[in-house]
file structure17.txt (compact mmCIF, C-alpha atoms)
# COMPACT_ATOMS: atom_id res chain seq x y z
CA MET A 1 -46.73 12.95 -3.81
CA ALA A 2 -44.80 11.24 -6.51
CA TYR A 3 -43.83 8.00 -4.86
CA GLY A 4 -44.17 8.18 -1.10
CA ALA A 5 -47.85 7.31 -0.86
CA TYR A 6 -48.69 3.99 0.55
CA ASP A 7 -51.35 2.79 -1.82
CA PRO A 8 -52.08 -0.90 -1.83
CA GLY A 9 -55.37 -0.24 -3.58
CA ALA A 10 -58.96 -0.54 -2.59
CA ALA A 11 -58.25 -1.19 1.06
CA HIS A 12 -57.43 2.48 1.49
CA ASP A 13 -60.26 4.32 -0.15
CA ALA A 14 -62.08 7.30 1.27
CA GLY A 15 -62.93 5.51 4.47
CA ALA A 16 -59.36 5.63 5.67
CA ALA A 17 -60.43 5.17 9.25
CA THR A 18 -61.41 1.61 8.41
CA ALA A 19 -58.25 0.96 6.38
CA VAL A 20 -56.61 -2.40 6.86
CA THR A 21 -53.15 -2.05 8.32
CA PRO A 22 -51.10 -4.54 6.35
CA VAL A 23 -48.91 -7.13 7.99
CA THR A 24 -45.36 -6.01 7.34
CA VAL A 25 -42.32 -8.18 6.90
CA LYS A 26 -38.99 -6.49 7.40
CA ILE A 27 -35.86 -7.75 5.65
CA LEU A 28 -32.48 -6.16 6.22
CA VAL A 29 -29.79 -5.85 3.56
CA ALA A 30 -26.28 -5.43 4.94
CA GLY A 31 -22.73 -5.57 3.65
CA GLY A 32 -19.68 -3.40 3.16
CA PHE A 33 -19.65 -0.23 1.07
CA GLY A 34 -19.98 -1.00 -2.61
CA ALA A 35 -21.21 -4.58 -2.13
CA GLY A 36 -24.42 -3.79 -4.02
CA LYS A 37 -27.00 -3.07 -1.29
CA THR A 38 -28.54 -0.12 -3.08
CA THR A 39 -28.59 -2.09 -6.33
CA LEU A 40 -30.31 -5.10 -4.78
CA VAL A 41 -32.94 -3.02 -2.99
CA GLY A 42 -33.55 -1.11 -6.21
CA SER A 43 -33.87 -4.18 -8.41
CA VAL A 44 -36.55 -5.89 -6.33
CA SER A 45 -38.47 -2.88 -5.07
CA GLU A 46 -41.76 -1.96 -6.70
CA ILE A 47 -41.20 1.67 -5.82
CA ARG A 48 -38.22 3.75 -6.78
CA PRO A 49 -35.73 2.92 -4.04
CA LEU A 50 -35.89 5.58 -1.39
CA ARG A 51 -33.04 6.89 0.68
CA THR A 52 -32.90 8.75 3.91
CA GLU A 53 -29.77 10.33 5.28
CA GLU A 54 -29.43 9.47 8.93
CA THR A 55 -27.31 11.67 11.11
CA LEU A 56 -24.83 10.39 13.62
CA SER A 57 -22.05 11.70 15.70
CA GLU A 58 -18.74 9.91 15.61
CA ARG A 59 -18.14 10.58 19.28
CA SER A 60 -21.39 9.26 20.62
CA GLU A 61 -21.68 6.21 18.40
CA LEU A 62 -22.09 3.92 21.38
CA VAL A 63 -25.22 5.62 22.60
CA ASP A 64 -26.73 6.95 19.39
CA SER A 65 -29.78 5.39 18.02
CA LEU A 66 -32.05 6.22 15.14
CA TYR A 67 -34.60 7.03 17.76
CA GLY A 68 -33.24 10.31 19.07
CA ILE A 69 -31.36 13.17 17.49
CA GLU A 70 -29.38 14.56 20.44
CA GLN A 71 -26.13 14.52 18.54
CA LYS A 72 -25.01 17.47 16.52
CA SER A 73 -24.97 15.48 13.32
CA THR A 74 -21.38 15.30 12.29
CA THR A 75 -21.77 12.61 9.66
CA THR A 76 -24.57 11.10 7.70
CA VAL A 77 -25.21 7.60 6.54
CA ALA A 78 -27.59 6.56 3.83
CA MET A 79 -30.37 4.10 4.45
CA ASP A 80 -32.03 2.57 1.39
CA PHE A 81 -35.41 1.08 1.51
CA GLY A 82 -37.78 -0.61 -0.86
CA ARG A 83 -41.14 -2.30 -0.85
CA ILE A 84 -42.69 -5.44 -2.33
CA THR A 85 -46.46 -5.80 -2.00
CA ILE A 86 -47.33 -9.48 -1.87
CA ARG A 87 -50.99 -8.82 -1.18
CA ASP A 88 -52.93 -5.79 -0.06
CA ASP A 89 -52.51 -6.97 3.49
CA LEU A 90 -48.95 -8.39 3.29
CA VAL A 91 -46.04 -6.13 2.43
CA VAL A 92 -42.29 -6.79 2.52
CA TYR A 93 -40.01 -3.87 3.36
CA LEU A 94 -36.30 -3.91 2.63
CA PHE A 95 -33.86 -1.81 4.60
CA GLY A 96 -30.26 -1.43 3.49
CA THR A 97 -27.50 0.24 5.46
CA PRO A 98 -23.76 -0.31 5.80
CA GLY A 99 -22.64 -3.12 8.06
CA GLN A 100 -19.63 -1.50 9.68
CA ARG A 101 -19.50 -1.68 13.42
CA ARG A 102 -19.93 2.07 13.79
CA PHE A 103 -23.36 1.79 12.19
CA TRP A 104 -24.57 -0.98 14.44
CA PHE A 105 -26.67 1.48 16.43
CA MET A 106 -28.93 1.70 13.41
CA TRP A 107 -29.25 -2.05 13.17
CA ASP A 108 -30.52 -2.27 16.73
CA ASP A 109 -33.48 -0.17 15.68
CA LEU A 110 -33.95 -1.68 12.24
CA SER A 111 -33.71 -5.31 13.25
CA TYR A 112 -36.62 -5.02 15.67
CA GLY A 113 -39.21 -7.51 14.43
CA ALA A 114 -37.20 -8.38 11.30
CA LEU A 115 -37.68 -11.68 9.50
CA GLY A 116 -33.98 -11.82 8.77
CA ALA A 117 -31.10 -10.35 6.83
CA VAL A 118 -29.22 -10.63 3.58
CA VAL A 119 -25.47 -10.07 3.86
CA LEU A 120 -24.19 -9.02 0.45
CA ALA A 121 -20.59 -10.01 -0.16
CA ASP A 122 -18.15 -9.05 -2.86
CA GLU A 123 -15.82 -12.00 -3.23
CA ARG A 124 -12.85 -9.72 -3.90
CA ARG A 125 -13.36 -8.17 -0.48
CA LEU A 126 -14.91 -10.85 1.65
CA ALA A 127 -13.56 -9.36 4.87
CA ASP A 128 -15.92 -6.39 4.40
CA SER A 129 -18.83 -8.68 5.25
CA PHE A 130 -17.41 -9.86 8.60
CA PRO A 131 -18.97 -7.09 10.71
CA SER A 132 -22.46 -7.72 9.28
CA ILE A 133 -22.16 -11.47 9.82
CA ASP A 134 -20.88 -10.86 13.32
CA TYR A 135 -23.85 -8.64 14.13
CA PHE A 136 -26.52 -11.08 12.95
CA GLU A 137 -24.83 -14.06 14.63
CA ARG A 138 -24.63 -12.22 17.95
CA ASN A 139 -28.26 -11.16 17.79
CA ASN A 140 -29.63 -14.48 16.57
CA ILE A 141 -31.12 -12.96 13.45
CA PRO A 142 -31.49 -15.44 10.58
CA PHE A 143 -29.37 -14.46 7.61
CA VAL A 144 -28.11 -15.65 4.25
CA VAL A 145 -24.93 -14.59 2.50
CA ALA A 146 -25.42 -13.52 -1.11
CA VAL A 147 -22.24 -13.31 -3.15
CA ASN A 148 -22.85 -10.51 -5.62
CA SER A 149 -21.03 -11.69 -8.71
CA PHE A 150 -19.23 -8.89 -10.42
CA ASP A 151 -17.98 -9.80 -13.87
CA ASP A 152 -14.30 -9.56 -13.11
CA ALA A 153 -14.42 -11.36 -9.78
CA GLN A 154 -12.62 -14.65 -9.39
CA HIS A 155 -15.25 -17.27 -8.91
CA HIS A 156 -14.40 -19.15 -5.77
CA SER A 157 -16.65 -22.06 -4.98
CA LEU A 158 -19.40 -21.33 -2.50
CA ASP A 159 -17.84 -23.92 -0.16
CA THR A 160 -14.57 -22.01 -0.20
CA ILE A 161 -16.43 -18.79 0.56
CA THR A 162 -18.35 -20.46 3.42
CA GLN A 163 -15.02 -21.51 4.93
CA ALA A 164 -13.39 -18.14 4.35
CA LEU A 165 -16.26 -16.46 6.20
CA SER A 166 -16.13 -19.07 9.02
CA LEU A 167 -19.83 -19.69 8.59
CA SER A 168 -21.60 -22.61 10.10
CA GLY A 169 -22.69 -24.96 7.30
CA ARG A 170 -26.30 -24.08 8.07
CA VAL A 171 -26.07 -20.53 6.83
CA PRO A 172 -27.09 -20.53 3.16
CA VAL A 173 -24.56 -19.00 0.80
CA VAL A 174 -25.93 -18.17 -2.63
CA ARG A 175 -24.63 -16.40 -5.67
CA CYS A 176 -26.59 -13.52 -7.17
CA ASP A 177 -26.50 -10.66 -9.59
CA ALA A 178 -27.97 -7.79 -7.62
CA ARG A 179 -28.80 -5.95 -10.85
CA GLN A 180 -31.27 -8.66 -11.88
CA ARG A 181 -34.68 -8.58 -10.30
CA GLY A 182 -35.19 -12.35 -10.52
CA SER A 183 -31.79 -13.05 -9.03
CA SER A 184 -32.31 -10.62 -6.14
CA ARG A 185 -35.75 -12.05 -5.51
CA GLY A 186 -34.16 -15.52 -5.35
CA VAL A 187 -31.98 -14.29 -2.50
CA LEU A 188 -35.05 -13.13 -0.56
CA ILE A 189 -36.72 -16.49 -1.16
CA ALA A 190 -33.60 -18.28 0.12
CA LEU A 191 -33.77 -16.14 3.27
CA ALA A 192 -37.47 -16.77 3.89
CA GLU A 193 -36.97 -20.51 3.38
CA HIS A 194 -34.02 -20.46 5.77
CA ALA A 195 -36.20 -18.72 8.36
CA ILE A 196 -38.84 -21.42 7.91
CA ALA A 197 -36.21 -24.16 8.34
CA LEU A 198 -34.97 -22.52 11.56
CA HIS A 199 -38.54 -22.31 12.79
CA HIS A 200 -38.99 -26.06 12.26
CA GLU A 201 -35.67 -26.79 13.96
CA ALA A 202 -36.66 -24.76 16.98
CA GLN A 203 -39.92 -26.65 17.24
CA PHE A 204 -38.29 -30.08 17.20
CA SER A 205 -35.31 -29.40 19.41
CA MET B 206 -12.84 30.19 -1.32
CA ARG B 207 -16.16 30.18 -3.08
CA ASP B 208 -19.23 29.03 -1.22
CA GLU B 209 -19.77 25.86 -3.17
CA GLU B 210 -16.29 24.64 -2.35
CA TRP B 211 -16.94 24.13 1.29
CA LEU B 212 -20.69 23.83 1.54
CA ASP B 213 -21.38 20.64 -0.37
CA SER B 214 -23.44 17.68 0.78
CA ASP B 215 -20.38 16.01 2.32
CA ALA B 216 -20.40 18.70 4.96
CA GLY B 217 -23.60 17.20 6.33
CA PRO B 218 -26.89 18.99 6.84
CA VAL B 219 -26.54 22.74 7.18
CA VAL B 220 -29.44 22.95 9.58
CA ARG B 221 -29.06 21.03 12.81
CA PRO B 222 -31.79 18.39 13.13
CA TYR B 223 -33.13 19.82 16.39
CA ALA B 224 -33.70 23.18 14.69
CA LEU B 225 -36.52 21.50 12.79
CA THR B 226 -38.21 20.11 15.87
CA GLY B 227 -38.53 23.16 18.09
CA GLY B 228 -35.45 22.07 20.05
CA GLN B 229 -36.81 18.67 20.95
CA THR B 230 -34.44 15.76 20.70
CA ARG B 231 -36.67 12.89 21.77
CA PRO B 232 -40.12 11.93 20.56
CA SER B 233 -42.85 11.96 23.17
CA GLY B 234 -45.43 9.32 23.91
CA GLN B 235 -45.52 5.74 22.72
CA ARG B 236 -42.58 4.53 20.67
CA LEU B 237 -42.99 4.92 16.92
CA ASP B 238 -41.71 2.22 14.60
CA LEU B 239 -40.33 3.06 11.16
CA LEU B 240 -43.14 1.04 9.62
CA ASP B 241 -45.98 2.52 11.66
CA MET B 242 -48.54 4.11 9.34
CA VAL B 243 -49.24 7.81 9.77
CA ARG B 244 -52.54 9.30 8.65
CA ALA B 245 -53.65 12.93 8.79
CA VAL B 246 -56.90 13.51 10.63
CA ARG B 247 -57.02 17.22 9.82
CA SER B 248 -55.89 19.04 6.73
CA ALA B 249 -52.78 21.22 6.91
CA SER B 250 -54.60 24.10 5.28
CA GLN B 251 -56.54 24.85 8.45
CA ASN B 252 -55.09 27.47 10.77
CA LEU B 253 -53.12 25.15 13.02
CA ARG B 254 -49.91 27.13 13.62
CA LEU B 255 -47.75 24.40 12.18
CA SER B 256 -44.07 24.63 11.36
CA PRO B 257 -43.34 24.15 7.64
CA GLU B 258 -42.01 20.65 8.39
CA GLN B 259 -45.09 19.67 10.40
CA ALA B 260 -47.30 20.98 7.59
CA SER B 261 -45.30 18.92 5.08
CA VAL B 262 -45.86 15.78 7.12
CA LEU B 263 -49.57 16.45 7.34
CA GLU B 264 -49.89 17.12 3.61
CA ARG B 265 -48.27 13.82 2.75
CA CYS B 266 -50.49 11.44 4.66
CA PRO B 267 -54.13 11.82 3.60
CA ILE B 268 -53.97 8.03 3.41
CA PRO B 269 -51.77 5.99 5.78
CA VAL B 270 -48.07 6.31 4.90
CA PRO B 271 -45.27 4.45 6.70
CA LEU B 272 -43.11 6.79 8.78
CA VAL B 273 -39.98 5.78 6.90
CA GLU B 274 -41.54 6.78 3.57
CA LEU B 275 -42.38 10.21 4.97
CA ALA B 276 -38.73 10.61 5.96
CA ALA B 277 -37.48 9.69 2.51
CA ASP B 278 -40.06 11.87 0.82
CA LEU B 279 -39.25 14.88 3.01
CA LYS B 280 -35.50 14.18 2.85
CA LEU B 281 -35.29 14.30 6.63
CA PRO B 282 -33.63 11.82 9.01
CA THR B 283 -36.07 9.35 10.54
CA GLY B 284 -35.24 10.68 14.02
CA VAL B 285 -36.54 14.12 13.03
CA VAL B 286 -39.68 12.72 11.44
CA ARG B 287 -40.41 10.65 14.55
CA ILE B 288 -40.42 13.84 16.62
CA LEU B 289 -42.56 15.76 14.12
CA VAL B 290 -45.07 12.90 14.00
CA SER B 291 -45.14 12.44 17.77
CA ASP B 292 -45.93 16.16 18.14
CA LEU B 293 -48.71 15.95 15.59
CA ARG B 294 -50.06 12.90 17.38
CA GLU B 295 -50.09 14.72 20.73
CA ARG B 296 -52.08 17.50 19.10
CA GLY B 297 -54.54 15.01 17.69
CA LEU B 298 -53.70 15.90 14.10
CA VAL B 299 -52.51 12.48 12.97
CA ALA B 300 -53.55 8.94 13.80
CA ILE B 301 -51.02 6.12 14.02
CA HIS B 302 -51.79 2.66 12.72
CA ARG B 303 -49.30 0.37 14.40
CA SER B 304 -47.41 -1.88 12.04
CA LYS B 305 -47.93 -5.57 12.59
CA SER B 306 -44.44 -6.86 12.07
CA VAL B 307 -43.86 -10.54 11.54
CA GLY B 308 -40.67 -12.09 12.71
CA LEU B 309 -39.94 -15.77 12.99
CA SER B 310 -43.07 -16.41 14.95
CA ASP B 311 -45.61 -16.83 12.20
CA LEU B 312 -44.89 -19.81 9.99
CA LYS B 313 -47.99 -19.33 7.89
CA ILE B 314 -46.99 -15.81 6.93
CA LEU B 315 -43.40 -16.85 6.22
CA GLN B 316 -44.74 -19.45 3.79
CA GLU B 317 -47.00 -16.84 2.20
CA VAL B 318 -43.97 -14.62 1.69
CA VAL B 319 -42.09 -17.44 -0.06
CA ASP B 320 -45.07 -18.29 -2.27
CA GLY B 321 -45.76 -14.63 -2.99
CA LEU B 322 -42.15 -13.90 -4.00
CA ARG B 323 -42.15 -16.92 -6.30
CA ARG B 324 -45.34 -15.75 -7.99
CA LEU B 325 -44.18 -12.20 -8.65
call {"tool": "encode", "arguments": {"input": "structure17.txt", "output": "structure tokens"}}
result
Amino acid sequence: MAYGAYDPGAAHDAGAATAVTPVTVKILVAGGFGAGKTTLVGSVSEIRPLRTEETLSERSELVDSLYGIEQKSTTTVAMDFGRITIRDDLVVYLFGTPGQRRFWFMWDDLSYGALGAVVLADERRLADSFPSIDYFERNNIPFVVAVNSFDDAQHHSLDTITQALSLSGRVPVVRCDARQRGSSRGVLIALAEHAIALHHEAQFS
Amino acid sequence: MRDEEWLDSDAGPVVRPYALTGGQTRPSGQRLDLLDMVRAVRSASQNLRLSPEQASVLERCPIPVPLVELAADLKLPTGVVRILVSDLRERGLVAIHRSKSVGLSDLKILQEVVDGLRRL
């Protein structure tokens, strides 16, 4: 298999029965079409970014889930995912899918056990990120907004963007270039630090 | 109209998903997570009366592979792969290593993630 094998090294040698199951950390990447989800997942992933085409029926969107396949598959939606091995026994997985409300059924499945989410925003089309923000706020999933800076975008201040998105001041808003590995990684660090801050807040409230 | 004009990828999969799963539309047994690791306990070459898709799953996991990577590798929706894997599990042909997912609960691991990402 060219790229699908999970191979964190010596932990999985011939004695697979004794293999260590790594602790997995799930991070979601959401945002409107064209905001740069695939690019971000691809730039930080150690494996070639993988895609699956999920099937869904437009009629049964309220009851569909990734879990079953009852529907007759009228449309498909791409899900990107990538992997970052921090240690043999600690692996970060990234899942990217569109944030539109009609895809929320996928998020219900994906967000199970997730550390948090990155909402990628294109500042020329900020409204496209509303549904993703709405989803994570409703479900109490920690998230950061990453403004993917395209060259020809007008550069609003991050404060202006925070206001335009009606975000509480506690949600980090950062700028990034999803094509750059270091920049994309910075977004993930901002998210993990935000999750830690929320953890501390919860403890002392 | 020539075939390629109306049978492109935008038309969606040509084969209905349930045609690949023997008509099943729900996985059986314990819920499978996308990050659960699947490992073959028997080799697909033995005479097991497997469907081509089941055989493909079995061939791809001599070492534990997350379910979602099997789906991407086989170019099948995760819902289909969950059913194929749950069938193979019922027949004792694969073992499942449950993923240990960390949410907000484990501060130590969150800090290790931050440190690890900084080091990379």
call {"tool": "residues_around", "arguments": {"input": "structure17.txt", "residues": "B:Leu279", "least_positions_apart": "5", "cutoff": "10 Å", "atoms": "only C-alpha atoms", "output": "ChimeraX atom specification"}}
result
/A:4,52 /B:258,261-262,265,273-274,286
call {"tool": "closest_residue", "arguments": {"input": "structure17.txt", "among": "B:Val307, B:Leu275, B:Leu325, B:Ala245", "to": "A:Gly113", "atoms": "only C-alpha atoms"}}
result
B:Val307
call {"tool": "closest_residue", "arguments": {"input": "structure17.txt", "among": "A:Glu123, A:Glu46, A:Glu53, A:Asp80", "to": "chain B", "atoms": "only C-alpha atoms"}}
result
A:Glu53
call {"tool": "atom_distance", "arguments": {"input": "structure17.txt", "atom1": "atom CA of B:Ser250", "atom2": "atom CA of B:Ser233"}}
result
24.6 Å
call {"tool": "residues_near_point", "arguments": {"input": "structure17.txt", "point": "(-36.3, 10.2, 8.9)", "cutoff": "12 Å", "atoms": "all atoms listed in the file", "output": "PyMOL selection string"}}
result
(chain A and resi 50-55+66-69+76-81) or (chain B and resi 222+225+237-240+258+262+271-290)
